[in-house]
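Below is one structure, written out as structure tokens; comments come after it.
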Amino acid sequence: MAPEQRDDDRDEIVSAFGEAVNMTAGSLEKWLATDESQSVGQSDGGESVGHASGRRIVELLHTKKADLSDDDLAHMRKVTGYVHRHLKQRPSGDVTDTRWRYSLMNWGHDPKK
């Protein structure tokens with residue numbers, strides 16, 4: 001892949017991630033410490049996938065764009081895809097205290113914002 005194409009891809013991934021993740025690192029960290037955050041998601045008895053992703057997102061939000069690794073960019077792409085898919089499954093009615101919202105928030109997106 002040509003360097004300029006790689007830069008375009010990087011910019012696109014970072015931009016899409018920035019749109020999907022609408023929580024700040026600080027607000028996401030506070031959320032991840034709650035019982036509600038830890039009550040949702042798929043796990044094998046340990047930490048859920050979404051909760052672990054949330055911790056990774058906090059790290060990514062603190063990382064300079066130039067310092068992002070290919071692995072970081074791959075996770076950013078995964079987060080963006082998850083948020084977009086999950087938003088399409090929005091339940092009807094007030095979503096304030098729903099597992100659907102809590103799960104999205106673990107991935108850095110608060111649909112109430």
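In the structure tokens, the first chain shown is A, the next is B, and so on; residue numbers restart at 1 for each chain, and ligands run from 1 in the order shown.
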
Item to check | Selection: 9 Å around region 59-62 of chain A, only C-alpha atoms, excl. self and same-chain fewer than 3 positions, as a list in words | outcome: Thr24, Ala25, Gly54, Arg55, Arg56, Lys65, Leu68, Asp72 and Met76 of chain A

Applying 9 Å and only C-alpha atoms, which residues near region 32-36 of chain A remain after dropping the ones on its own chain fewer than 5 positions away? List them as a PDB file with C-alpha atoms, in the first residue's frame.
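Contents of part13.pdb, freshly written:
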```
ATOM      1  CA  SER A  27     -16.686  10.124  31.315  1.00  0.00           C
ATOM      2  CA  HIS A  51     -16.055  -3.602  29.100  1.00  0.00           C
ATOM      3  CA  GLY A  54     -14.093   0.402  26.854  1.00  0.00           C
ATOM      4  CA  ARG A  55     -10.806   0.290  28.756  1.00  0.00           C
ATOM      5  CA  ARG A  99     -29.037  -2.884  28.717  1.00  0.00           C
ATOM      6  CA  TYR A 102     -25.346   0.385  28.812  1.00  0.00           C
ATOM      7  CA  MET A 105     -21.736   3.115  26.548  1.00  0.00           C
ATOM      8  CA  ASN A 106     -19.158   0.397  27.278  1.00  0.00           C
TER       9      ASN A 106
END
```

Next on the checklist: Which of region 43-96 of chain A end up as helix (DSSP H, G or I) when DSSP is run on this backbone - answer as a count of residues only?
Outcome noted: 34

Checklist entry - So what do you get for CA of Ala74 (chain A) versus CA of Pro91 (chain A), distance-wise? => result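 Straight-line distance from CA of Ala74 (chain A) to CA of Pro91 (chain A) works out to 28.5 Å.
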
Checklist outcome for this item: Of A:Ser37, A:Ser69, A:Ser92, A:Asn22, the one sitting nearest Lys112 (chain A) when using only C-alpha atoms is A:Asn22

Checklist outcome for this item: Residue with the minimum atom-to-atom distance to Gly41 (chain A), picked from A:Ser53, A:Leu87, A:Asp97, A:Val79 with only C-alpha atoms counted, is A:Ser53

Checklist entry - Just how far from CA of Gln38 (chain A) is CA of Ile13 (chain A), in Å to one decimal? => result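 Answer for the CA of Ile13 (chain A) to CA of Gln38 (chain A) separation: 27.5 Å.
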